[in-house]
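First up is the structure itself, then whatever we jot down about it.
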Amino acid sequence: MHLAVMLERAQEAYPEAEVLVDGQERLRYGEWSRRVDAVGRGFYEMGVRPGDRVAVCARNGEPWATAYFALLKLGAAPVLLNFRWKAEELAYAMDEATVRAVVYDGTAGPEVGRALAMLGSRARGVRQVTVAREAEGDGEAVAYQELLSAPPGPPLGPRDDSCWSSILYTSGTTGRPKGVCRSHRSDWAAALALVVEHRWERFERTLGAMPFCHTMGLHTLLSIVLLNGTVVVMPSLDAREALRLIAAEGVTALYLVPTAFHDLVGQADAGGWDVPPVPKLATAGAPMPESLVKACARVFRPRVFVNHYGCTEMHVIAVNPDLTRKPRAAGRPALGARVRVAPLDRGRGIRLGEAAAPGVLGAIMADAASAQAFSGYLNRPDATAEVLGEGWYVTGDLGFVDADGDLHVVGRLDDMIISGGENIHPAEVEEVLRRHPAVRDVAVVGMPDERWGEVVTAFVVPKAALCAPADRERLAGDLERFCRAAPDLARYKRPRRFVFVAAIPRTPSGKVMRRALRDGAGRPCGAEETNTREERCGGR
């Protein structure tokens, strides 16, 4: 199904149903559909045509959602850019996508301006639209209000659901970001799978707190429109405000990354909030610690608590329908999906044509013929070919299937540490360290080492400040002994070095930025590296 048709059917079925709550503004499907038509006509009047690509770089809000659907109705392809990016990143993506226009708000405006200046003559002809409510135009930019005042009449572009409905850029934590091209058909299938697997229903109400430029935020919006539901928009997640909105707006479902749930639970406990039950919880983006699963169940008292495993290229790959029963599992294949774990050669080589035995760590793959599958990476046939093989999409994740048939995701293949010829994955070490009462947060990486090739290094955020070198030395020793005593961690997997930091760098989706840690970005002034006693002596 074409996504413009999805919106049209929603407004025909329940024009009186509320669709967007954005601050003081509340819109119903009927009036919002008319606004989408007006903005689409406004884009057409300024020169945007079917097949053009238009960058959208703004925080969550009614203007973002309206502009997105207006472009779909016109037959243009929205290029969804992260409003947190700097000018160089924006310039790279806008140039690669050859955008015809760029939509931005006050948050992204300065960096967008610098990006266009970097592009120089290549930016000629790129129209600018500002959706900043405090501005009536910004130099050469057209104000959002001008688009709203366009002549009446819906913009009727082609309705071919094989055309691109979005180009989402990956986070770029391991190099240049790639544009993931998705079709109307694949985004419709992803929205439907999310609805089924999260057990959402007609008129569901949720927070639009995950960035719409990210696959979680975008597919939340699409799924809710499919159901004639309501999105209570948040430009960014503020835990206190989110708890207020959950109560005031009767939120029935939450779909957030674990770090967001961590903040909500922490605020609820610290402020003594009596949070009304939220019947349906879903999480994705990163593993959720078992302690956080229990805390979410206690605070929100859900009937449904789902762990959703997926990615921008495939969206919903596997789902654990009851996170409280089996917190560490990603579950079984999602609606229409097929999953395989392929065994590894010594190191990181993948044996594509085989399936790993239960309990054996391998590369997670998803059937590339899935209706949810992406259309390829923009202008990167080489990168597309790298992740597709023998009919499978290679996710880049490591995992295994347990004796019950449930998939477990332990992290990224590229993150695997090869130390002394042994494969060690950070997640299994992090799981042990998180259980120590002095650890607030932790991330494990492999650092280059002349003897071992890589040495297991733990970046630890302690719960209490460590002001003196002796304090760091003492905690490092405690953590090393704790790992030695852990029944589920082999001795050779324990960290040989500890670095105590103020925070672990993460992407907006909650993933650890391990490259930043390796490059030293996670180390604040004054932080020191502490080797374990045995490492200093050269022992194994």
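Residues in the structure tokens are named by chain (A, B, ... in the order shown) and by number from 1 within that chain; ligands are numbered from 1 in the order shown.
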
Can you list every residue in range 110-327 of chain A that DSSP puts in alpha helix (DSSP H), as a tab-separated table (two decimals) with N, CA and C atoms, in the first residue's frame?
chain	number	residue	atom	x	y	z
A	110	PRO	N	21.06	26.62	12.12
A	110	PRO	CA	22.44	27.09	11.96
A	110	PRO	C	23.34	26.09	11.24
A	111	GLU	N	23.23	24.80	11.59
A	111	GLU	CA	24.08	23.79	10.95
A	111	GLU	C	23.67	23.57	9.50
A	112	VAL	N	22.36	23.63	9.22
A	112	VAL	CA	21.89	23.51	7.83
A	112	VAL	C	22.46	24.66	6.99
A	113	GLY	N	22.45	25.86	7.55
A	113	GLY	CA	23.01	27.01	6.83
A	113	GLY	C	24.47	26.82	6.51
A	114	ARG	N	25.23	26.33	7.49
A	114	ARG	CA	26.66	26.08	7.26
A	114	ARG	C	26.86	24.98	6.24
A	115	ALA	N	25.98	23.95	6.29
A	115	ALA	CA	26.09	22.84	5.33
A	115	ALA	C	25.88	23.34	3.91
A	116	LEU	N	24.87	24.19	3.71
A	116	LEU	CA	24.60	24.73	2.37
A	116	LEU	C	25.76	25.60	1.89
A	117	ALA	N	26.38	26.33	2.82
A	117	ALA	CA	27.53	27.14	2.45
A	117	ALA	C	28.70	26.25	2.03
A	118	MET	N	28.88	25.12	2.70
A	118	MET	CA	29.93	24.17	2.33
A	118	MET	C	29.72	23.62	0.92
A	119	LEU	N	28.45	23.38	0.58
A	119	LEU	CA	28.14	22.82	-0.73
A	119	LEU	C	28.36	23.84	-1.85
A	144	TYR	N	6.99	28.02	7.10
A	144	TYR	CA	5.99	26.94	7.11
A	144	TYR	C	4.58	27.49	6.90
A	145	GLN	N	4.31	28.65	7.50
A	145	GLN	CA	2.98	29.25	7.37
A	145	GLN	C	2.65	29.59	5.92
A	146	GLU	N	3.69	29.89	5.13
A	146	GLU	CA	3.45	30.18	3.72
A	146	GLU	C	2.97	28.93	2.99
A	147	LEU	N	3.53	27.79	3.34
A	147	LEU	CA	3.09	26.54	2.72
A	147	LEU	C	1.63	26.25	3.08
A	148	LEU	N	1.28	26.54	4.33
A	148	LEU	CA	-0.09	26.27	4.78
A	148	LEU	C	-1.12	27.12	4.03
A	184	HIS	N	7.36	2.48	-0.17
A	184	HIS	CA	6.05	2.55	0.48
A	184	HIS	C	5.61	1.15	0.90
A	185	ARG	N	5.86	0.19	0.03
A	185	ARG	CA	5.44	-1.18	0.31
A	185	ARG	C	6.16	-1.73	1.54
A	186	SER	N	7.47	-1.50	1.65
A	186	SER	CA	8.22	-2.05	2.79
A	186	SER	C	7.89	-1.31	4.08
A	187	ASP	N	7.65	0.00	3.99
A	187	ASP	CA	7.28	0.74	5.21
A	187	ASP	C	5.87	0.37	5.67
A	188	TRP	N	4.97	0.09	4.73
A	188	TRP	CA	3.63	-0.39	5.09
A	188	TRP	C	3.75	-1.74	5.80
A	189	ALA	N	4.56	-2.65	5.25
A	189	ALA	CA	4.73	-3.97	5.86
A	189	ALA	C	5.36	-3.85	7.24
A	190	ALA	N	6.32	-2.94	7.41
A	190	ALA	CA	6.96	-2.74	8.71
A	190	ALA	C	5.97	-2.20	9.73
A	191	ALA	N	5.13	-1.24	9.31
A	191	ALA	CA	4.13	-0.68	10.22
A	191	ALA	C	3.14	-1.75	10.64
A	192	LEU	N	2.71	-2.58	9.70
A	192	LEU	CA	1.76	-3.64	10.01
A	192	LEU	C	2.38	-4.66	10.96
A	193	ALA	N	3.65	-5.03	10.72
A	193	ALA	CA	4.33	-5.99	11.61
A	193	ALA	C	4.46	-5.43	13.01
A	194	LEU	N	4.76	-4.12	13.11
A	194	LEU	CA	4.88	-3.50	14.43
A	194	LEU	C	3.55	-3.55	15.17
A	195	VAL	N	2.46	-3.24	14.47
A	195	VAL	CA	1.12	-3.28	15.07
A	195	VAL	C	0.81	-4.67	15.60
A	196	VAL	N	1.05	-5.69	14.77
A	196	VAL	CA	0.72	-7.07	15.16
A	196	VAL	C	1.59	-7.52	16.33
A	197	GLU	N	2.90	-7.31	16.23
A	197	GLU	CA	3.82	-7.84	17.24
A	197	GLU	C	3.75	-7.08	18.56
A	198	HIS	N	3.43	-5.80	18.51
A	198	HIS	CA	3.28	-5.02	19.74
A	198	HIS	C	1.87	-5.12	20.31
A	215	THR	N	14.30	5.05	12.64
A	215	THR	CA	13.31	4.04	12.25
A	215	THR	C	12.25	3.80	13.33
A	216	MET	N	12.62	3.84	14.62
A	216	MET	CA	11.63	3.63	15.67
A	216	MET	C	10.60	4.74	15.69
A	217	GLY	N	11.06	5.98	15.62
A	217	GLY	CA	10.13	7.11	15.64
A	217	GLY	C	9.25	7.15	14.41
A	218	LEU	N	9.85	6.93	13.23
A	218	LEU	CA	9.10	6.97	11.99
A	218	LEU	C	8.02	5.89	11.96
A	219	HIS	N	8.39	4.66	12.31
A	219	HIS	CA	7.41	3.58	12.20
A	219	HIS	C	6.39	3.61	13.34
A	220	THR	N	6.70	4.27	14.43
A	220	THR	CA	5.67	4.55	15.43
A	220	THR	C	4.60	5.45	14.83
A	221	LEU	N	5.04	6.53	14.17
A	221	LEU	CA	4.10	7.46	13.54
A	221	LEU	C	3.24	6.74	12.49
A	222	LEU	N	3.88	5.95	11.63
A	222	LEU	CA	3.14	5.27	10.57
A	222	LEU	C	2.14	4.26	11.15
A	223	SER	N	2.56	3.51	12.15
A	223	SER	CA	1.68	2.50	12.74
A	223	SER	C	0.47	3.13	13.41
A	224	ILE	N	0.69	4.25	14.07
A	224	ILE	CA	-0.42	4.93	14.74
A	224	ILE	C	-1.42	5.48	13.72
A	225	VAL	N	-0.93	6.04	12.62
A	225	VAL	CA	-1.83	6.52	11.57
A	225	VAL	C	-2.63	5.35	10.99
A	226	LEU	N	-1.99	4.21	10.81
A	226	LEU	CA	-2.68	3.03	10.31
A	226	LEU	C	-3.87	2.66	11.19
A	239	ALA	N	12.03	13.28	31.02
A	239	ALA	CA	11.36	12.24	31.81
A	239	ALA	C	10.19	12.79	32.62
A	240	ARG	N	10.39	13.94	33.23
A	240	ARG	CA	9.32	14.50	34.06
A	240	ARG	C	8.09	14.86	33.21
A	241	GLU	N	8.35	15.52	32.06
A	241	GLU	CA	7.26	15.90	31.18
A	241	GLU	C	6.59	14.66	30.58
A	242	ALA	N	7.39	13.65	30.26
A	242	ALA	CA	6.82	12.42	29.70
A	242	ALA	C	5.87	11.76	30.69
A	243	LEU	N	6.24	11.69	31.95
A	243	LEU	CA	5.35	11.09	32.95
A	243	LEU	C	4.07	11.91	33.10
A	244	ARG	N	4.20	13.23	33.01
A	244	ARG	CA	2.99	14.07	33.09
A	244	ARG	C	2.06	13.80	31.91
A	245	LEU	N	2.65	13.69	30.72
A	245	LEU	CA	1.84	13.45	29.52
A	245	LEU	C	1.21	12.06	29.52
A	246	ILE	N	1.93	11.08	30.03
A	246	ILE	CA	1.38	9.73	30.11
A	246	ILE	C	0.07	9.74	30.91
A	247	ALA	N	0.08	10.48	32.02
A	247	ALA	CA	-1.12	10.55	32.85
A	247	ALA	C	-2.19	11.45	32.22
A	248	ALA	N	-1.79	12.63	31.75
A	248	ALA	CA	-2.76	13.61	31.25
A	248	ALA	C	-3.41	13.18	29.94
A	258	PRO	N	15.89	1.41	25.72
A	258	PRO	CA	16.09	1.17	27.15
A	258	PRO	C	16.54	2.39	27.94
A	259	THR	N	17.39	3.24	27.36
A	259	THR	CA	17.85	4.41	28.11
A	259	THR	C	16.68	5.34	28.44
A	260	ALA	N	15.70	5.44	27.55
A	260	ALA	CA	14.52	6.27	27.82
A	260	ALA	C	13.70	5.67	28.95
A	261	PHE	N	13.50	4.36	28.92
A	261	PHE	CA	12.78	3.70	30.01
A	261	PHE	C	13.54	3.87	31.33
A	262	HIS	N	14.86	3.80	31.27
A	262	HIS	CA	15.68	3.99	32.48
A	262	HIS	C	15.40	5.37	33.09
A	263	ASP	N	15.35	6.40	32.23
A	263	ASP	CA	15.11	7.76	32.72
A	263	ASP	C	13.70	7.90	33.30
A	264	LEU	N	12.71	7.29	32.65
A	264	LEU	CA	11.33	7.39	33.14
A	264	LEU	C	11.19	6.71	34.50
A	265	VAL	N	11.75	5.52	34.62
A	265	VAL	CA	11.67	4.79	35.89
A	265	VAL	C	12.41	5.54	36.98
A	266	GLY	N	13.58	6.07	36.65
A	266	GLY	CA	14.35	6.83	37.65
A	266	GLY	C	13.60	8.06	38.13
A	267	GLN	N	12.95	8.78	37.19
A	267	GLN	CA	12.18	9.96	37.58
A	267	GLN	C	10.97	9.58	38.42
A	268	ALA	N	10.30	8.49	38.02
A	268	ALA	CA	9.12	8.04	38.78
A	268	ALA	C	9.49	7.68	40.21
A	269	ASP	N	10.60	6.99	40.37
A	269	ASP	CA	11.03	6.59	41.72
A	269	ASP	C	11.52	7.79	42.53
A	270	ALA	N	12.30	8.66	41.90
A	270	ALA	CA	12.86	9.81	42.61
A	270	ALA	C	11.77	10.79	43.03
A	271	GLY	N	10.74	10.95	42.18
A	271	GLY	CA	9.70	11.92	42.48
A	271	GLY	C	8.48	11.34	43.15
A	290	GLU	N	18.15	-6.85	32.89
A	290	GLU	CA	17.06	-7.54	33.59
A	290	GLU	C	16.51	-6.69	34.73
A	291	SER	N	17.39	-5.94	35.41
A	291	SER	CA	16.94	-5.08	36.50
A	291	SER	C	15.98	-3.99	36.00
A	292	LEU	N	16.23	-3.49	34.79
A	292	LEU	CA	15.37	-2.46	34.22
A	292	LEU	C	14.03	-3.06	33.78
A	293	VAL	N	14.05	-4.29	33.27
A	293	VAL	CA	12.81	-4.97	32.91
A	293	VAL	C	11.90	-5.04	34.14
A	294	LYS	N	12.47	-5.45	35.26
A	294	LYS	CA	11.68	-5.57	36.49
A	294	LYS	C	11.17	-4.21	36.95
A	295	ALA	N	12.01	-3.19	36.84
A	295	ALA	CA	11.60	-1.84	37.27
A	295	ALA	C	10.46	-1.31	36.39
A	296	CYS	N	10.54	-1.53	35.07
A	296	CYS	CA	9.47	-1.08	34.17
A	296	CYS	C	8.15	-1.81	34.46
A	297	ALA	N	8.25	-3.11	34.73
A	297	ALA	CA	7.04	-3.88	35.06
A	297	ALA	C	6.41	-3.37	36.35
A	298	ARG	N	7.24	-2.96	37.30
A	298	ARG	CA	6.73	-2.45	38.58
A	298	ARG	C	6.09	-1.08	38.41
A	299	VAL	N	6.72	-0.19	37.67
A	299	VAL	CA	6.23	1.19	37.54
A	299	VAL	C	5.01	1.29	36.62
A	300	PHE	N	5.05	0.59	35.47
A	300	PHE	CA	4.00	0.77	34.46
A	300	PHE	C	2.93	-0.32	34.48

Practice item. Determine which residues of range 126-298 of chain A receive a DSSP assignment of strand (DSSP E or B), computed from the backbone, and state them as a ChimeraX atom specification. Key: /A:127-130,142-143,164-169,179-183,205-208,230-233,253-256,280-283

Practice item. Please identify all polymer residues within 8 Å of range 485-492 of chain A, counting only C-alpha atoms, omitting same-chain residues fewer than 4 positions from it, and present them as an MDAnalysis selection string. Key: chainID A and resid 428:429 432 481 540

Exercise for review: Please measure the separation of CA of Thr130 in chain A and CA of Ala143 in chain A, giving the value in Å to one decimal.
Suggested key: 5.2 Å

Exercise for review: For Arg325 in chain A, list every protein, DNA or RNA residue within 12 Å, evaluated using only C-alpha atoms, and leave out those in the same chain fewer than 2 positions away; present the list as a list in words.
Suggested key: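 The neighbour list is Glu290, Val293, Lys294, Ala297, Val304, Phe305, Val306, Asn307, Asn320, Pro321, Asp322, Leu323, Pro327, Arg328, Ala329, Ala330 and Gly331 of chain A.
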
Check your understanding: Near Lys463 in chain A, within 7 Å and counting only C-alpha atoms, which residues show up once chain neighbours fewer than 4 positions away are dropped, as a PyMOL selection string?
Key -> chain A and resi 438-440

Practice item. Can you pull out every residue within 10 Å of Pro495 in chain A, counting only C-alpha atoms, but drop anything in the same chain fewer than 4 positions away, and send it as a PyMOL selection string? Key: chain A and resi 426+429-430+433+444-446+455-459+476+479-480+483-484+491+531-532+535

**Study point:** Selection near range 22-32 of chain A, 6 Å with only C-alpha atoms, sequence-local residues under 5 positions removed, as a ChimeraX atom specification
**Key:** /A:11,15-17,233

Exercise for review: To one decimal in Å, tell me the separation between CA of Arg332 in chain A and CA of His425 in chain A.
Suggested key: 22.2 Å

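For the residues A:Thr252, A:Gln372, A:Ser162, A:Thr66, ranking by smallest atom-to-atom distance to Met314 in chain A using only C-alpha atoms places A:Gln372 first.
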
Practice item. State, in Å with one decimal place, the distance from CA of Gly362 in chain A to CA of Ile418 in chain A. Key: 14.5 Å

Check your understanding: Given the choices A:Asp449, A:Glu12, A:Val21, A:Tyr44, which gets closest to Glu249 in chain A if the distance is worked out from only C-alpha atoms?
Key ->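 Result for the nearest residue to Glu249 in chain A: A:Val21.
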
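Ranking A:Pro462, A:Pro151, A:Gly310, A:Gly453 by their shortest atom-to-atom distance to Ala502 in chain A, with only C-alpha atoms included, puts A:Pro462 first.
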